[in-house]
Each structure stands twice: as structure tokens, then as C-alpha cells.
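Next comes input31.pdb, with PDB, C-alpha atoms and all ligand atoms.
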ATOM      1  CA  MET A   1      34.860  12.412  17.971  1.00  0.00           C
ATOM      2  CA  PRO A   2      31.584  11.411  16.255  1.00  0.00           C
ATOM      3  CA  ARG A   3      30.421  13.651  13.461  1.00  0.00           C
ATOM      4  CA  VAL A   4      26.917  14.521  12.358  1.00  0.00           C
ATOM      5  CA  ALA A   5      26.043  16.081   9.009  1.00  0.00           C
ATOM      6  CA  ILE A   6      23.183  18.554   9.074  1.00  0.00           C
ATOM      7  CA  VAL A   7      21.850  19.016   5.561  1.00  0.00           C
ATOM      8  CA  THR A   8      19.163  21.577   4.777  1.00  0.00           C
ATOM      9  CA  GLY A   9      17.210  21.984   1.570  1.00  0.00           C
ATOM     10  CA  SER A  10      17.912  25.706   1.570  1.00  0.00           C
ATOM     11  CA  LYS A  11      19.878  28.284   3.519  1.00  0.00           C
ATOM     12  CA  SER A  12      16.451  29.669   4.449  1.00  0.00           C
ATOM     13  CA  ASP A  13      15.984  26.566   6.652  1.00  0.00           C
ATOM     14  CA  LEU A  14      19.042  27.287   8.795  1.00  0.00           C
ATOM     15  CA  PRO A  15      17.291  29.335  11.543  1.00  0.00           C
ATOM     16  CA  ALA A  16      14.942  26.394  12.197  1.00  0.00           C
ATOM     17  CA  LEU A  17      17.982  24.171  12.779  1.00  0.00           C
ATOM     18  CA  GLU A  18      19.481  26.311  15.544  1.00  0.00           C
ATOM     19  CA  PRO A  19      17.947  24.177  18.336  1.00  0.00           C
ATOM     20  CA  CYS A  20      19.653  21.190  16.722  1.00  0.00           C
ATOM     21  CA  THR A  21      23.113  22.734  16.532  1.00  0.00           C
ATOM     22  CA  GLN A  22      22.778  24.077  20.084  1.00  0.00           C
ATOM     23  CA  MET A  23      21.827  20.649  21.411  1.00  0.00           C
ATOM     24  CA  LEU A  24      24.670  18.926  19.556  1.00  0.00           C
ATOM     25  CA  ASP A  25      27.090  21.536  20.928  1.00  0.00           C
ATOM     26  CA  GLN A  26      25.775  20.931  24.439  1.00  0.00           C
ATOM     27  CA  LEU A  27      26.377  17.201  24.042  1.00  0.00           C
ATOM     28  CA  GLY A  28      29.846  17.738  22.594  1.00  0.00           C
ATOM     29  CA  ILE A  29      28.976  16.261  19.202  1.00  0.00           C
ATOM     30  CA  GLU A  30      30.833  17.636  16.208  1.00  0.00           C
ATOM     31  CA  HIS A  31      28.623  18.726  13.326  1.00  0.00           C
ATOM     32  CA  GLU A  32      28.780  20.309   9.908  1.00  0.00           C
ATOM     33  CA  GLU A  33      26.069  22.238   8.091  1.00  0.00           C
ATOM     34  CA  HIS A  34      25.494  21.890   4.355  1.00  0.00           C
ATOM     35  CA  ALA A  35      22.718  23.418   2.237  1.00  0.00           C
ATOM     36  CA  MET A  36      21.685  21.558  -0.907  1.00  0.00           C
ATOM     37  CA  SER A  37      18.426  20.738  -2.594  1.00  0.00           C
ATOM     38  CA  ALA A  38      17.042  17.416  -3.799  1.00  0.00           C
ATOM     39  CA  HIS A  39      15.289  19.395  -6.543  1.00  0.00           C
ATOM     40  CA  ARG A  40      17.566  22.280  -7.427  1.00  0.00           C
ATOM     41  CA  THR A  41      20.974  20.648  -6.927  1.00  0.00           C
ATOM     42  CA  PRO A  42      20.328  16.892  -7.159  1.00  0.00           C
ATOM     43  CA  ALA A  43      23.863  16.041  -8.319  1.00  0.00           C
ATOM     44  CA  LYS A  44      25.331  17.805  -5.287  1.00  0.00           C
ATOM     45  CA  VAL A  45      23.041  15.796  -2.996  1.00  0.00           C
ATOM     46  CA  GLN A  46      24.072  12.533  -4.657  1.00  0.00           C
ATOM     47  CA  GLN A  47      27.766  13.358  -4.375  1.00  0.00           C
ATOM     48  CA  PHE A  48      27.493  14.395  -0.730  1.00  0.00           C
ATOM     49  CA  ALA A  49      25.322  11.493   0.396  1.00  0.00           C
ATOM     50  CA  ALA A  50      27.301   8.824  -1.454  1.00  0.00           C
ATOM     51  CA  GLY A  51      30.493  10.093   0.181  1.00  0.00           C
ATOM     52  CA  ALA A  52      29.122  10.876   3.643  1.00  0.00           C
ATOM     53  CA  GLU A  53      30.287   7.663   5.303  1.00  0.00           C
ATOM     54  CA  ASP A  54      33.791   7.884   3.836  1.00  0.00           C
ATOM     55  CA  ALA A  55      33.872  11.522   4.933  1.00  0.00           C
ATOM     56  CA  GLY A  56      33.531  10.289   8.519  1.00  0.00           C
ATOM     57  CA  PHE A  57      29.915  11.128   9.238  1.00  0.00           C
ATOM     58  CA  GLU A  58      27.974   8.619  11.365  1.00  0.00           C
ATOM     59  CA  VAL A  59      24.501  10.143  11.235  1.00  0.00           C
ATOM     60  CA  VAL A  60      22.832  12.527   8.793  1.00  0.00           C
ATOM     61  CA  ILE A  61      20.148  14.979   9.887  1.00  0.00           C
ATOM     62  CA  ALA A  62      18.276  16.215   6.834  1.00  0.00           C
ATOM     63  CA  ALA A  63      15.805  19.088   7.105  1.00  0.00           C
ATOM     64  CA  ALA A  64      13.621  20.525   4.397  1.00  0.00           C
ATOM     65  CA  GLY A  65      10.310  22.227   3.812  1.00  0.00           C
ATOM     66  CA  MET A  66       7.501  21.860   1.280  1.00  0.00           C
ATOM     67  CA  ALA A  67       7.846  18.654  -0.841  1.00  0.00           C
ATOM     68  CA  ALA A  68      10.729  17.549   1.340  1.00  0.00           C
ATOM     69  CA  HIS A  69      12.419  14.801  -0.642  1.00  0.00           C
ATOM     70  CA  LEU A  70      15.865  15.626   0.703  1.00  0.00           C
ATOM     71  CA  PRO A  71      16.000  13.065   3.565  1.00  0.00           C
ATOM     72  CA  GLY A  72      14.710  10.266   1.344  1.00  0.00           C
ATOM     73  CA  VAL A  73      17.111  11.055  -1.482  1.00  0.00           C
ATOM     74  CA  ILE A  74      20.035  11.167   0.936  1.00  0.00           C
ATOM     75  CA  ALA A  75      18.933   7.828   2.427  1.00  0.00           C
ATOM     76  CA  ALA A  76      18.870   6.386  -1.081  1.00  0.00           C
ATOM     77  CA  TRP A  77      22.587   7.166  -1.469  1.00  0.00           C
ATOM     78  CA  THR A  78      23.923   6.125   1.938  1.00  0.00           C
ATOM     79  CA  ARG A  79      23.522   3.357   4.509  1.00  0.00           C
ATOM     80  CA  LEU A  80      23.992   5.863   7.337  1.00  0.00           C
ATOM     81  CA  PRO A  81      20.940   6.538   9.489  1.00  0.00           C
ATOM     82  CA  VAL A  82      19.070   9.586   8.186  1.00  0.00           C
ATOM     83  CA  ILE A  83      16.924  11.647  10.540  1.00  0.00           C
ATOM     84  CA  GLY A  84      14.416  13.832   8.735  1.00  0.00           C
ATOM     85  CA  VAL A  85      13.124  17.129  10.076  1.00  0.00           C
ATOM     86  CA  PRO A  86      10.069  18.588   8.337  1.00  0.00           C
ATOM     87  CA  ILE A  87      10.318  22.369   8.240  1.00  0.00           C
ATOM     88  CA  ALA A  88       7.342  24.734   8.301  1.00  0.00           C
ATOM     89  CA  SER A  89       8.655  26.743   5.417  1.00  0.00           C
ATOM     90  CA  GLY A  90       7.998  30.455   4.999  1.00  0.00           C
ATOM     91  CA  GLN A  91       5.135  31.799   2.953  1.00  0.00           C
ATOM     92  CA  HIS A  92       4.980  28.924   0.448  1.00  0.00           C
ATOM     93  CA  GLY A  93       4.706  25.922   2.776  1.00  0.00           C
ATOM     94  CA  ALA A  94       1.534  24.311   4.134  1.00  0.00           C
ATOM     95  CA  SER A  95       2.550  24.803   7.788  1.00  0.00           C
ATOM     96  CA  GLY A  96       4.982  21.903   7.552  1.00  0.00           C
ATOM     97  CA  ILE A  97       2.298  19.262   6.974  1.00  0.00           C
ATOM     98  CA  ASP A  98       3.531  18.992   3.391  1.00  0.00           C
ATOM     99  CA  ALA A  99       7.092  18.274   4.532  1.00  0.00           C
ATOM    100  CA  LEU A 100       5.941  15.984   7.361  1.00  0.00           C
ATOM    101  CA  LEU A 101       4.091  13.694   4.963  1.00  0.00           C
ATOM    102  CA  SER A 102       6.895  13.817   2.386  1.00  0.00           C
ATOM    103  CA  ILE A 103       9.382  12.592   4.993  1.00  0.00           C
ATOM    104  CA  ALA A 104       7.184  10.199   6.986  1.00  0.00           C
ATOM    105  CA  GLN A 105       5.588   8.418   4.049  1.00  0.00           C
ATOM    106  CA  MET A 106       8.704   6.736   2.696  1.00  0.00           C
ATOM    107  CA  PRO A 107       7.923   3.640   0.648  1.00  0.00           C
ATOM    108  CA  PRO A 108       9.271   0.344   2.045  1.00  0.00           C
ATOM    109  CA  GLY A 109      12.969  -0.313   1.478  1.00  0.00           C
ATOM    110  CA  VAL A 110      14.639   3.003   2.247  1.00  0.00           C
ATOM    111  CA  PRO A 111      13.671   4.239   5.715  1.00  0.00           C
ATOM    112  CA  VAL A 112      14.056   7.734   7.120  1.00  0.00           C
ATOM    113  CA  GLY A 113      13.463   8.627  10.762  1.00  0.00           C
ATOM    114  CA  CYS A 114      10.923  11.440  10.985  1.00  0.00           C
ATOM    115  CA  MET A 115      10.848  14.068  13.715  1.00  0.00           C
ATOM    116  CA  ALA A 116       8.032  16.488  14.480  1.00  0.00           C
ATOM    117  CA  ILE A 117       7.532  19.605  12.355  1.00  0.00           C
ATOM    118  CA  ASN A 118      10.472  21.868  13.246  1.00  0.00           C
ATOM    119  CA  GLY A 119      11.628  19.098  15.614  1.00  0.00           C
ATOM    120  CA  ALA A 120      15.259  20.137  15.353  1.00  0.00           C
ATOM    121  CA  LYS A 121      16.149  19.656  19.023  1.00  0.00           C
ATOM    122  CA  ASN A 122      14.816  16.105  19.007  1.00  0.00           C
ATOM    123  CA  ALA A 123      16.795  15.382  15.841  1.00  0.00           C
ATOM    124  CA  ALA A 124      19.956  16.171  17.795  1.00  0.00           C
ATOM    125  CA  LEU A 125      18.859  13.998  20.715  1.00  0.00           C
ATOM    126  CA  TYR A 126      17.934  11.131  18.411  1.00  0.00           C
ATOM    127  CA  ALA A 127      21.289  11.387  16.671  1.00  0.00           C
ATOM    128  CA  ALA A 128      22.917  11.322  20.112  1.00  0.00           C
ATOM    129  CA  ALA A 129      20.979   8.182  21.047  1.00  0.00           C
ATOM    130  CA  ILE A 130      22.344   6.445  17.937  1.00  0.00           C
ATOM    131  CA  LEU A 131      25.897   7.621  18.598  1.00  0.00           C
ATOM    132  CA  ALA A 132      25.645   6.675  22.284  1.00  0.00           C
ATOM    133  CA  LEU A 133      25.496   3.004  21.279  1.00  0.00           C
ATOM    134  CA  LYS A 134      29.140   3.296  20.242  1.00  0.00           C
ATOM    135  CA  HIS A 135      30.593   6.423  21.829  1.00  0.00           C
ATOM    136  CA  GLU A 136      30.972   6.420  25.609  1.00  0.00           C
ATOM    137  CA  GLY A 137      31.375  10.202  25.784  1.00  0.00           C
ATOM    138  CA  VAL A 138      28.070  10.773  24.000  1.00  0.00           C
ATOM    139  CA  ARG A 139      26.333   8.224  26.254  1.00  0.00           C
ATOM    140  CA  LYS A 140      27.514  10.083  29.339  1.00  0.00           C
ATOM    141  CA  ALA A 141      26.527  13.478  27.919  1.00  0.00           C
ATOM    142  CA  LEU A 142      23.078  12.172  26.995  1.00  0.00           C
ATOM    143  CA  GLU A 143      22.564  10.603  30.421  1.00  0.00           C
ATOM    144  CA  LYS A 144      23.574  13.905  32.062  1.00  0.00           C
ATOM    145  CA  PHE A 145      21.123  15.829  29.868  1.00  0.00           C
ATOM    146  CA  ARG A 146      18.282  13.406  30.660  1.00  0.00           C
ATOM    147  CA  ALA A 147      19.002  13.524  34.403  1.00  0.00           C
ATOM    148  CA  GLU A 148      19.042  17.333  34.401  1.00  0.00           C
ATOM    149  CA  GLN A 149      15.827  17.439  32.388  1.00  0.00           C
ATOM    150  CA  ALA A 150      14.146  15.054  34.835  1.00  0.00           C
ATOM    151  CA  SER A 151      15.185  17.141  37.831  1.00  0.00           C
ATOM    152  CA  GLY A 152      13.319  20.089  36.332  1.00  0.00           C
TER     153      GLY A 152
HETATM  154  C1  LIG A 201      12.710  23.507   0.354  1.00  0.00           C
HETATM  155  O1  LIG A 201      11.987  24.572  -0.111  1.00  0.00           O
HETATM  156  C2  LIG A 201      13.672  24.070   1.351  1.00  0.00           C
HETATM  157  O2  LIG A 201      14.024  23.087   2.297  1.00  0.00           O
HETATM  158  C3  LIG A 201      12.914  25.208   1.955  1.00  0.00           C
HETATM  159  O3  LIG A 201      12.263  24.825   3.172  1.00  0.00           O
HETATM  160  C4  LIG A 201      11.849  25.530   0.902  1.00  0.00           C
HETATM  161  C5  LIG A 201      11.977  26.908   0.332  1.00  0.00           C
HETATM  162  O4  LIG A 201      13.313  27.125  -0.111  1.00  0.00           O
HETATM  163  P1  LIG A 201      13.809  28.594  -0.536  1.00  0.00           P
HETATM  164  O5  LIG A 201      12.917  29.033  -1.655  1.00  0.00           O
HETATM  165  O6  LIG A 201      13.675  29.472   0.695  1.00  0.00           O
HETATM  166  O7  LIG A 201      15.248  28.418  -0.939  1.00  0.00           O
HETATM  167  O8  LIG A 201      13.390  22.864  -0.675  1.00  0.00           O
END
If you convert what's in this file into C-alpha cells, what do you get?
Ligand code: RP5
Amino acid sequence: MPRVAIVTGSKSDLPALEPCTQMLDQLGIEHEEHAMSAHRTPAKVQQFAAGAEDAGFEVVIAAAGMAAHLPGVIAAWTRLPVIGVPIASGQHGASGIDALLSIAQMPPGVPVGCMAINGAKNAALYAAAILALKHEGVRKALEKFRAEQASG
């Protein structure tokens, strides 16, 4: 069973990730949620990201708001594909544009996939597309989802 790590910069981001967890559940993809901050708990992020592959994760979805360095920092510590989700964060954020640019504008050398602002559902589908290259069950689940979506 493939496993996806969903890492958020704060527990306050968790509601925005519900479309992601729902979509992964629908596709039968195991996932784990972890909250940690690139700024407030950098050592925890390093430890988690450096051990993510050995822990059995195949894809990391990293979501954060404001100056969202979390996906990039995780990508710096692992070779796993990292999918970033910019979050439009509460009263302090700039409608998610801040996080979008922080995630999309990675300097060359350490890439991060970047979804739309609050693009949690697509993060799950993108993770599924990566896993489908290797896992037959995920490929079938994704094909079923796409066929149902196309039939309206
Ligand atoms: C970011 O700061 C988090 O990802 C969150 O979107 C934002 C605000 O965090 P809290 O102050 O709600 O913990 O690091």
C-alpha cells in the first residue's frame, strides 16, 4: 500500500487539507498527517523529511500559508517528490499569493511541484498520478475517478 505524507505548517492549515485527505481516501491511498513548521520547528522538519523515505513514504504533500518555506525545506532534505499547496492563511496571509510565490519560485536545483492556492484536491490527484506509475491499484482507482468525472 503506497503511503503519502501530508505535512502542514500549522494545525490551523488542517481544514484546508480536507479535500486532499478525502480524495486520497477515495482512491484508497494511505496517508498520514503531520504538523510542523519550517520556521518554528525547523529541527523537526529536518528529522521528518530526512527520514521520510525510510519511513515508507513515496510522496510528500506539503501545505503552508504566508512565507511558505515548508515544501522547499522538505525537498531539501529528501529525494521524494514534494507537492506544495499554498494556503490562503487566516487573517495574516495575503490571500495565499504570498504562499503561492514562496512555493512556486524555488531556485534551480531543488524543485517543488506547486498546486493552486488551496489546491488540496489536486495535490491528492497529482500524488496519485505519481504513485500510479508504480502501483496498479492506484492506476485503476485514478482511471475510475477520471472516467466518472468525464461522465459528469
Ligand atoms: C504558516 O503560518 C502556517 O502554514 C499557517 O498557514 C500560517 C499561520 O500559522 P498559525 O499562526 O495559525 O499557526 O507557517
As an exercise, work out the distance from atom CA of A:Gln149 to atom CA of A:Leu27 in Å and give it to one decimal place. 13.5 Å
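Comparing A:Glu30, A:Glu18, A:Asp54, A:Asp98 by their smallest distance to ligand LIG 201 (chain A), the closest is A:Asp98 (using all atoms listed in the file).
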Given the choices A:Thr21, A:Thr41, A:Gln26, A:Thr8, which gets closest to ligand LIG 201 (chain A) if the distance is worked out from all atoms listed in the file?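 Result for the nearest residue to ligand LIG 201 (chain A): A:Thr8.
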Which residues, named as in the file, does the PyMOL selection byres (((chain A and resi 36) around 6) and not hetatm) pick out? Answer as a JSON list (two decimals) with C-alpha atoms, in the frame of the given file.
[["chain", "number", "residue", "atom", "x", "y", "z"],
["A", 9, "GLY", "CA", 17.21, 21.98, 1.57],
["A", 35, "ALA", "CA", 22.72, 23.42, 2.24],
["A", 37, "SER", "CA", 18.43, 20.74, -2.59]]
Which residues match the PyMOL selection byres (((not hetatm)) within 8 of (chain A and resi 201)) in the file above, as a PyMOL selection string? chain A and resi 8-13+37-40+63-68+70+87-90+92-93
Name the residues captured by the PyMOL selection byres (((chain A and resi 141) around 10) and not hetatm) when it is applied to the shown file; answer as a ChimeraX atom specification. /A:26-29,128,132,136-140,142-147
Add whatever atoms are absent from stretch 5-16 of chain A to reach N, CA and C atoms, and provide the output as a short mmCIF file (atom, residue, chain, number, x, y, z; two decimals), in the coordinates of the input.
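The resulting file, part02.cif, is shown below:
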data_model
loop_
_atom_site.label_atom_id
_atom_site.label_comp_id
_atom_site.auth_asym_id
_atom_site.auth_seq_id
_atom_site.Cartn_x
_atom_site.Cartn_y
_atom_site.Cartn_z
N ALA A 5 26.29 15.14 10.10
CA ALA A 5 26.04 16.08 9.01
C ALA A 5 24.63 16.62 9.15
N ILE A 6 24.51 17.92 9.10
CA ILE A 6 23.18 18.55 9.07
C ILE A 6 23.01 19.13 7.67
N VAL A 7 22.06 18.57 6.94
CA VAL A 7 21.85 19.02 5.56
C VAL A 7 20.48 19.68 5.48
N THR A 8 20.44 20.88 4.94
CA THR A 8 19.16 21.58 4.78
C THR A 8 18.88 21.78 3.29
N GLY A 9 17.60 21.81 2.96
CA GLY A 9 17.21 21.98 1.57
C GLY A 9 17.48 23.37 1.04
N SER A 10 17.66 24.32 1.96
CA SER A 10 17.91 25.71 1.57
C SER A 10 18.57 26.42 2.74
N LYS A 11 19.32 27.47 2.43
CA LYS A 11 19.88 28.28 3.52
C LYS A 11 18.75 28.92 4.33
N SER A 12 17.58 29.07 3.71
CA SER A 12 16.45 29.67 4.45
C SER A 12 15.97 28.76 5.58
N ASP A 13 16.37 27.49 5.57
CA ASP A 13 15.98 26.57 6.65
C ASP A 13 16.90 26.69 7.87
N LEU A 14 18.03 27.33 7.72
CA LEU A 14 19.04 27.29 8.80
C LEU A 14 18.54 27.79 10.16
N PRO A 15 17.76 28.89 10.21
CA PRO A 15 17.29 29.34 11.54
C PRO A 15 16.50 28.26 12.29
N ALA A 16 15.75 27.46 11.55
CA ALA A 16 14.94 26.39 12.20
C ALA A 16 15.81 25.28 12.75
#
